[in-house]
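Structure file upload_34.cif with mmCIF, C-alpha atoms:
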data_work
#
loop_
_atom_site.label_atom_id
_atom_site.label_comp_id
_atom_site.auth_asym_id
_atom_site.auth_seq_id
_atom_site.Cartn_x
_atom_site.Cartn_y
_atom_site.Cartn_z
CA MET A 1 -119.05 -81.51 -77.46
CA LYS A 2 -115.65 -80.86 -75.86
CA VAL A 3 -115.61 -80.43 -72.07
CA THR A 4 -112.73 -79.79 -69.69
CA ALA A 5 -113.07 -80.53 -65.98
CA ILE A 6 -110.86 -79.89 -62.98
CA ALA A 7 -111.11 -82.29 -60.03
CA ASN A 8 -109.21 -82.34 -56.77
CA ALA A 9 -107.56 -85.31 -55.10
CA ASN A 10 -108.72 -86.33 -51.65
CA ILE A 11 -107.02 -87.85 -48.65
CA ALA A 12 -108.76 -90.59 -46.70
CA LEU A 13 -108.96 -89.78 -43.01
CA ILE A 14 -110.37 -93.27 -42.51
CA LYS A 15 -108.95 -95.59 -45.14
CA TYR A 16 -110.38 -98.36 -47.24
CA TRP A 17 -108.11 -101.23 -48.15
CA GLY A 18 -109.86 -104.10 -49.88
CA LYS A 19 -112.78 -104.48 -52.25
CA LYS A 20 -115.59 -106.76 -51.11
CA ASN A 21 -116.94 -107.02 -54.66
CA SER A 22 -114.17 -106.69 -57.23
CA GLU A 23 -116.61 -106.31 -60.14
CA LEU A 24 -118.65 -103.55 -58.52
CA LYS A 25 -115.57 -102.13 -56.76
CA THR A 26 -117.39 -101.79 -53.46
CA PRO A 27 -115.31 -101.58 -50.26
CA TYR A 28 -115.30 -103.81 -47.18
CA ASN A 29 -115.69 -100.76 -44.95
CA SER A 30 -117.11 -97.26 -45.13
CA ASN A 31 -114.42 -94.57 -45.22
CA THR A 32 -114.11 -90.82 -44.86
CA SER A 33 -112.03 -88.18 -46.60
CA VAL A 34 -111.35 -84.53 -47.20
CA THR A 35 -111.18 -83.20 -50.76
CA LEU A 36 -107.98 -81.19 -51.21
CA ASP A 37 -107.54 -77.77 -52.77
CA GLY A 38 -103.90 -78.05 -53.87
CA LEU A 39 -103.75 -81.36 -55.77
CA LYS A 40 -105.72 -81.27 -59.00
CA THR A 41 -106.24 -83.05 -62.32
CA THR A 42 -107.38 -81.26 -65.46
CA THR A 43 -109.05 -83.45 -68.10
CA THR A 44 -110.47 -82.63 -71.53
CA VAL A 45 -112.92 -85.08 -73.16
CA GLU A 46 -114.34 -84.88 -76.67
CA PHE A 47 -116.61 -87.40 -78.36
CA GLY A 48 -116.07 -87.16 -82.10
CA ASP A 49 -115.07 -88.86 -85.33
CA TYR A 50 -112.23 -90.88 -83.85
CA GLU A 51 -111.52 -94.44 -85.00
CA LYS A 52 -110.85 -95.52 -81.43
CA ASP A 53 -110.66 -94.01 -77.96
CA ILE A 54 -107.48 -91.99 -77.39
CA PHE A 55 -106.04 -91.50 -73.90
CA ILE A 56 -103.12 -89.19 -73.10
CA LEU A 57 -101.94 -88.67 -69.50
CA ASP A 58 -99.22 -86.20 -68.59
CA LYS A 59 -98.26 -85.93 -72.28
CA GLN A 60 -97.82 -89.71 -72.66
CA GLU A 61 -100.24 -91.67 -74.84
CA TYR A 62 -101.44 -95.02 -73.52
CA PHE A 63 -102.77 -97.86 -75.64
CA GLU A 64 -105.13 -100.81 -75.30
CA GLY A 65 -103.78 -103.39 -72.86
CA SER A 66 -102.24 -100.87 -70.46
CA GLY A 67 -104.00 -100.38 -67.15
CA GLU A 68 -104.31 -96.64 -67.71
CA TYR A 69 -105.98 -97.00 -71.12
CA ASP A 70 -108.28 -99.84 -70.12
CA THR A 71 -109.48 -97.98 -67.02
CA ALA A 72 -110.19 -94.81 -69.02
CA LYS A 73 -111.98 -96.79 -71.73
CA GLY A 74 -114.06 -98.56 -69.10
CA GLN A 75 -115.28 -95.20 -67.81
CA LEU A 76 -116.05 -93.96 -71.31
CA ASP A 77 -117.99 -97.16 -72.05
CA LEU A 78 -120.07 -96.64 -68.89
CA ILE A 79 -120.85 -93.05 -69.88
CA ARG A 80 -121.75 -94.16 -73.43
CA GLU A 81 -124.02 -96.91 -72.11
CA LYS A 82 -125.89 -94.52 -69.81
CA SER A 83 -126.07 -91.56 -72.19
CA GLY A 84 -126.65 -93.23 -75.56
CA GLU A 85 -123.49 -91.62 -76.98
CA VAL A 86 -121.94 -93.87 -79.64
CA LYS A 87 -118.86 -91.94 -80.76
CA LYS A 88 -115.31 -92.64 -79.66
CA ALA A 89 -113.53 -90.09 -77.49
CA LYS A 90 -110.24 -88.31 -77.12
CA VAL A 91 -109.12 -87.78 -73.52
CA VAL A 92 -106.17 -85.63 -72.48
CA SER A 93 -105.38 -85.41 -68.78
CA GLU A 94 -102.74 -83.64 -66.70
CA ASN A 95 -101.91 -83.78 -63.00
CA ASP A 96 -100.22 -80.89 -61.22
CA PHE A 97 -98.64 -83.34 -58.74
CA PRO A 98 -96.78 -86.70 -58.95
CA THR A 99 -98.81 -89.46 -60.65
CA ALA A 100 -99.29 -92.94 -59.10
CA ALA A 101 -96.97 -92.03 -56.22
CA GLY A 102 -99.36 -92.06 -53.27
CA PHE A 103 -101.07 -88.69 -53.71
CA ALA A 104 -104.43 -90.05 -54.91
CA SER A 105 -103.95 -89.16 -58.57
CA SER A 106 -106.38 -91.93 -59.52
CA ALA A 107 -109.05 -90.25 -57.38
CA SER A 108 -108.77 -86.83 -59.01
CA GLY A 109 -108.08 -88.34 -62.44
CA LEU A 110 -111.12 -90.60 -62.59
CA ALA A 111 -113.33 -87.96 -60.99
CA ALA A 112 -112.28 -85.42 -63.63
CA LEU A 113 -112.73 -87.96 -66.44
CA THR A 114 -116.17 -89.02 -65.22
CA PHE A 115 -117.35 -85.44 -64.71
CA ALA A 116 -116.07 -84.20 -68.09
CA ALA A 117 -117.22 -87.25 -70.06
CA ALA A 118 -120.72 -87.10 -68.55
CA LYS A 119 -121.11 -83.48 -69.59
CA ALA A 120 -119.57 -84.09 -73.04
CA ALA A 121 -122.06 -86.92 -73.61
CA ASN A 122 -124.91 -84.77 -72.26
CA LEU A 123 -125.63 -87.31 -69.52
CA LYS A 124 -128.04 -85.92 -66.94
CA ALA A 125 -126.82 -87.39 -63.66
CA THR A 126 -126.92 -86.42 -60.00
CA THR A 127 -123.78 -86.15 -57.87
CA LYS A 128 -124.71 -89.46 -56.25
CA GLU A 129 -125.00 -91.15 -59.65
CA LEU A 130 -121.68 -89.68 -60.82
CA SER A 131 -120.07 -90.88 -57.60
CA VAL A 132 -121.22 -94.44 -58.36
CA ILE A 133 -119.87 -94.19 -61.93
CA ALA A 134 -116.53 -92.74 -60.75
CA ARG A 135 -116.22 -95.58 -58.22
CA MET A 136 -116.08 -98.06 -61.08
CA GLY A 137 -112.87 -96.44 -62.31
CA SER A 138 -111.26 -95.86 -58.92
CA GLY A 139 -112.90 -96.35 -55.56
CA SER A 140 -111.45 -93.19 -54.07
CA ALA A 141 -112.63 -91.19 -57.10
CA SER A 142 -116.16 -91.47 -55.73
CA ARG A 143 -115.07 -89.17 -52.90
CA SER A 144 -113.46 -86.56 -55.18
CA LEU A 145 -116.93 -85.75 -56.54
CA ILE A 146 -117.71 -84.20 -53.15
CA ASP A 147 -116.99 -80.72 -51.81
CA GLY A 148 -115.26 -80.68 -48.40
CA PHE A 149 -115.54 -83.73 -46.14
CA ALA A 150 -117.07 -86.95 -47.44
CA VAL A 151 -118.06 -90.47 -46.47
CA TRP A 152 -118.07 -93.33 -48.98
CA HIS A 153 -120.66 -95.87 -47.86
CA ALA A 154 -119.87 -99.57 -47.92
CA SER A 155 -122.68 -101.61 -49.46
CA GLU A 156 -123.00 -104.73 -51.56
CA VAL A 157 -125.68 -102.94 -53.60
CA SER A 158 -123.95 -100.84 -56.27
CA GLU A 159 -126.36 -97.89 -56.14
CA GLU A 160 -125.95 -97.68 -52.35
CA SER A 161 -122.14 -97.54 -52.38
CA PHE A 162 -121.51 -93.87 -53.08
CA ALA A 163 -119.87 -90.86 -51.47
CA GLU A 164 -121.81 -88.05 -49.88
CA GLN A 165 -120.93 -84.91 -48.03
CA ILE A 166 -120.38 -84.92 -44.28
CA MET A 167 -119.73 -81.17 -44.16
CA PRO A 168 -118.82 -78.55 -46.80
CA LYS A 169 -115.35 -77.03 -47.01
CA GLU A 170 -116.61 -73.85 -45.32
CA HIS A 171 -117.29 -75.91 -42.17
CA TRP A 172 -113.59 -76.08 -41.28
CA PRO A 173 -111.57 -73.47 -43.20
CA LYS A 174 -108.55 -73.75 -40.88
CA PHE A 175 -108.12 -77.50 -41.50
CA ARG A 176 -104.89 -78.24 -43.37
CA ILE A 177 -103.01 -81.14 -44.94
CA LEU A 178 -99.27 -80.79 -45.59
CA GLY A 179 -98.23 -83.26 -48.26
CA CYS A 180 -94.60 -84.25 -47.74
CA VAL A 181 -93.16 -85.38 -51.07
CA ILE A 182 -90.66 -88.16 -50.36
CA SER A 183 -90.42 -89.53 -53.91
CA LYS A 184 -91.95 -88.56 -57.25
CA LYS A 185 -91.48 -92.05 -58.70
CA ALA A 186 -94.49 -94.28 -59.36
CA LYS A 187 -94.89 -96.89 -56.62
CA LYS A 188 -93.97 -100.49 -57.41
CA THR A 189 -97.17 -102.02 -56.00
CA LYS A 190 -100.30 -100.18 -57.10
CA SER A 191 -103.05 -99.91 -54.50
CA ARG A 192 -105.51 -102.02 -56.48
CA ALA A 193 -103.08 -104.96 -56.70
CA GLY A 194 -101.99 -104.51 -53.09
CA MET A 195 -105.54 -104.59 -51.77
CA LYS A 196 -106.30 -107.77 -53.67
CA GLN A 197 -103.30 -109.52 -52.09
CA SER A 198 -104.21 -108.32 -48.59
CA VAL A 199 -107.79 -109.61 -48.79
CA VAL A 200 -106.48 -113.11 -49.50
CA THR A 201 -103.33 -113.34 -47.39
CA SER A 202 -103.20 -110.84 -44.50
CA PRO A 203 -103.97 -112.56 -41.17
CA ILE A 204 -105.33 -109.30 -39.73
CA PHE A 205 -107.54 -108.34 -42.67
CA GLU A 206 -110.84 -108.97 -40.85
CA GLN A 207 -109.63 -107.01 -37.82
CA TRP A 208 -108.61 -104.18 -40.15
CA TYR A 209 -111.93 -103.65 -41.90
CA THR A 210 -114.19 -104.24 -38.89
CA THR A 211 -112.18 -101.67 -36.92
CA ALA A 212 -112.19 -99.28 -39.88
CA GLU A 213 -115.98 -99.46 -40.18
CA LYS A 214 -116.29 -98.35 -36.55
CA ASP A 215 -113.64 -95.68 -37.12
CA ALA A 216 -115.62 -94.25 -40.05
CA LYS A 217 -118.71 -93.74 -37.89
CA LYS A 218 -116.61 -92.06 -35.18
CA MET A 219 -114.85 -89.84 -37.71
CA ILE A 220 -118.12 -88.46 -39.08
CA GLU A 221 -119.05 -87.16 -35.63
CA LEU A 222 -115.54 -85.81 -34.94
CA ILE A 223 -115.60 -83.86 -38.22
CA LYS A 224 -119.04 -82.44 -37.51
CA SER A 225 -117.94 -81.25 -34.06
CA LYS A 226 -114.56 -79.99 -35.36
CA ASP A 227 -112.71 -82.04 -32.73
CA PHE A 228 -109.24 -81.61 -34.22
CA GLU A 229 -107.31 -83.76 -31.76
CA GLY A 230 -109.90 -86.50 -32.08
CA VAL A 231 -109.74 -86.37 -35.89
CA GLY A 232 -105.94 -86.40 -35.94
CA GLU A 233 -105.50 -89.23 -33.43
CA LEU A 234 -108.12 -91.43 -35.09
CA ALA A 235 -106.79 -90.79 -38.61
CA GLN A 236 -103.27 -91.63 -37.48
CA SER A 237 -104.20 -94.89 -35.72
CA ASN A 238 -106.39 -95.96 -38.65
CA CYS A 239 -103.50 -95.31 -41.04
CA VAL A 240 -101.12 -97.44 -38.97
CA LEU A 241 -103.56 -100.36 -38.90
CA MET A 242 -104.08 -100.17 -42.68
CA HIS A 243 -100.36 -100.32 -43.29
CA ALA A 244 -100.00 -103.14 -40.77
CA CYS A 245 -102.50 -105.03 -42.91
CA ALA A 246 -100.40 -104.31 -46.00
CA MET A 247 -97.19 -105.27 -44.23
CA THR A 248 -98.63 -108.62 -43.09
CA THR A 249 -99.69 -109.45 -46.63
CA LYS A 250 -97.80 -112.21 -48.43
CA PRO A 251 -95.55 -111.18 -50.06
CA THR A 252 -95.11 -108.16 -47.80
CA ILE A 253 -96.31 -104.83 -49.17
CA MET A 254 -94.09 -102.09 -47.78
CA TYR A 255 -94.91 -98.58 -48.94
CA TRP A 256 -92.89 -96.87 -46.21
CA THR A 257 -89.34 -95.81 -47.02
CA GLN A 258 -86.58 -94.22 -44.95
CA GLY A 259 -88.04 -90.85 -45.86
CA THR A 260 -91.50 -91.93 -44.72
CA MET A 261 -90.10 -93.01 -41.36
CA GLN A 262 -88.13 -89.79 -41.02
CA VAL A 263 -91.34 -87.74 -41.24
CA ILE A 264 -93.29 -90.13 -38.98
CA GLN A 265 -90.62 -89.92 -36.28
CA LYS A 266 -90.50 -86.14 -36.48
CA VAL A 267 -94.30 -85.84 -36.20
CA LEU A 268 -94.28 -88.16 -33.16
CA GLU A 269 -91.54 -86.01 -31.58
CA LEU A 270 -93.62 -82.89 -32.18
CA GLN A 271 -96.67 -84.54 -30.61
CA ASN A 272 -94.61 -85.26 -27.49
CA GLU A 273 -93.74 -81.55 -27.41
CA GLY A 274 -97.43 -80.63 -27.49
CA VAL A 275 -97.72 -79.70 -31.18
CA LYS A 276 -101.07 -80.63 -32.72
CA ALA A 277 -99.88 -82.48 -35.81
CA TYR A 278 -100.71 -86.01 -36.97
CA PHE A 279 -99.65 -88.21 -39.88
CA THR A 280 -101.58 -90.26 -42.40
CA ILE A 281 -100.28 -92.23 -45.39
CA ASP A 282 -102.06 -93.82 -48.34
CA GLY A 283 -100.62 -96.52 -50.62
CA GLY A 284 -97.25 -94.92 -51.23
CA PRO A 285 -94.28 -93.33 -49.41
CA GLN A 286 -95.70 -89.81 -49.10
CA VAL A 287 -96.69 -88.58 -45.64
CA LYS A 288 -99.58 -86.19 -45.19
CA VAL A 289 -99.43 -84.16 -42.00
CA ILE A 290 -102.80 -83.12 -40.59
CA CYS A 291 -102.68 -79.77 -38.83
CA LEU A 292 -104.43 -76.43 -38.36
CA GLU A 293 -103.67 -73.22 -40.26
CA GLU A 294 -102.00 -71.58 -37.26
CA ASP A 295 -99.31 -74.28 -37.11
CA VAL A 296 -98.53 -74.39 -40.85
CA PRO A 297 -95.54 -71.96 -40.91
CA LYS A 298 -93.75 -73.74 -38.07
CA LEU A 299 -94.44 -77.21 -39.43
CA LYS A 300 -93.40 -76.31 -42.97
CA GLU A 301 -90.08 -74.99 -41.71
CA ILE A 302 -89.42 -78.14 -39.68
CA LEU A 303 -90.57 -80.65 -42.30
CA ILE A 304 -88.77 -79.12 -45.29
CA GLY A 305 -85.63 -79.21 -43.18
CA LEU A 306 -85.75 -83.01 -43.10
CA GLU A 307 -83.14 -84.54 -45.39
CA MET A 308 -85.52 -86.78 -47.34
CA VAL A 309 -88.42 -84.35 -47.84
CA GLN A 310 -88.26 -82.90 -51.36
CA GLU A 311 -91.26 -80.59 -51.25
CA ILE A 312 -94.23 -79.58 -49.11
CA ILE A 313 -97.65 -79.21 -50.75
CA GLU A 314 -100.07 -77.26 -48.57
CA CYS A 315 -103.73 -78.18 -49.01
CA LYS A 316 -106.99 -76.98 -47.47
CA PRO A 317 -110.51 -78.40 -47.86
CA GLY A 318 -111.39 -78.27 -51.55
CA THR A 319 -114.27 -78.17 -53.97
CA ALA A 320 -116.14 -80.68 -56.08
CA PRO A 321 -115.23 -80.90 -59.81
CA LYS A 322 -115.90 -77.89 -62.01
CA THR A 323 -115.61 -77.12 -65.71
CA THR A 324 -113.25 -74.67 -67.37
CA LYS A 325 -113.05 -73.27 -70.90
CA GLU A 326 -109.28 -73.74 -70.99
CA HIS A 327 -109.07 -77.00 -72.95
CA LEU A 328 -105.97 -79.21 -73.19
CA PHE A 329 -106.45 -79.72 -76.95
#
Could you spell out this file's structure in structure tokens?
Amino acid sequence: MKVTAIANANIALIKYWGKKNSELKTPYNSNTSVTLDGLKTTTTVEFGDYEKDIFILDKQEYFEGSGEYDTAKGQLDLIREKSGEVKKAKVVSENDFPTAAGFASSASGLAALTFAAAKAANLKATTKELSVIARMGSGSASRSLIDGFAVWHASEVSEESFAEQIMPKEHWPKFRILGCVISKKAKKTKSRAGMKQSVVTSPIFEQWYTTAEKDAKKMIELIKSKDFEGVGELAQSNCVLMHACAMTTKPTIMYWTQGTMQVIQKVLELQNEGVKAYFTIDGGPQVKVICLEEDVPKLKEILIGLEMVQEIIECKPGTAPKTTKEHLF
């Protein structure tokens, strides 16, 4: 069977940075996110009479030995093991936003692959089970299986480290993320490699994840009560601590660029003027500005006027993966 799935990226409001169990890909701390309508991956999977697994991303074919191919094959192998499917697969995937540049393309990509492959292999699995499978490809992909706001639970038991919904997207329809595109180039240090270095060498790593665990619990309650200022302030401070952990890694991991700092400084200026806008940044140079719908026009005008901002991508709370009949091959 051929199945095409569309999955959205997500942005972590409380980050995770570091895997406690590298084999199971479980995090040191629980973390929270919002799935984004506005950043999506479309993936077609077909199990058939192929001599080997084929993986094509953004019109480029990847081969055995590349990280992209090996990750995709690992997910297919998991699906085959659980479903009893024995055939090889062809996978074609496309992002509608920059890949590997700090916009969580691995989250939407592995969520779409997991969702499509499970259906193509006729695997009967719950959302919780799919979240666990997606986690094995990319930790943040576990959260892209969830509609709206999610929490990914930290646990050393594989089946207990999954993402589940905090609140659906309808809970907070005016919540917005403005993705400021600083660079469309792939980042030099991928998140997975960066995390591994930080666990071993950052002197503040323990402070980072113990604080983040507490932040995750706070964030769940702030989201439920729709406390926007509380959400924004906590997301921003958590982001700064995560990047401090990366920056104190040896060798230093610096995702921020001049463009990143330009947006950060502008958001801080706006906060001093009473504007309700906050920044958060994942592993990459892109800045995501957290705001409410009413402030979007003003913020877009200001942010796109910054010299180093190439584009603004407006996102609102998004849906879980879904299938479409419009296949990529």
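With distances restricted to all atoms listed in the file, A:Ala104 is the closest residue to Gly139 of chain A from A:Met242, A:Val231, A:Val3, A:Ala104.
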On this file, the PyMOL selection byres ((chain A and resi 35-48) around 7) gives some set of residues; write that set as a PyMOL selection string. chain A and resi 1-11+33-34+49-50+87-97+108-109+112-113+116-117+120+144+147-149+314-319+327-328
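This file, filtered with the PyMOL selection byres ((chain A and resi 69) around 12), gives the residues A:Lys52, A:Asp53, A:Ile54, A:Phe55, A:Ile56, A:Leu57, A:Gln60, A:Glu61, A:Tyr62, A:Phe63, A:Glu64, A:Gly65, A:Ser66, A:Gly67, A:Glu68, A:Asp70, A:Thr71, A:Ala72, A:Lys73, A:Gly74, A:Gln75, A:Leu76, A:Lys90, A:Val91, A:Val92, A:Ser93, A:Leu110, A:Gly137.
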On this structure, the PyMOL selection byres ((chain A and resi 268-275) around 10) would catch which residues? List them as a ChimeraX atom specification, sorted by chain and number. /A:263-267,276-279,291,295,298-299,302
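Reported to one decimal place, the separation of atom CA of Glu85 of chain A from atom CA of Ser105 of chain A is 27.0 Å.
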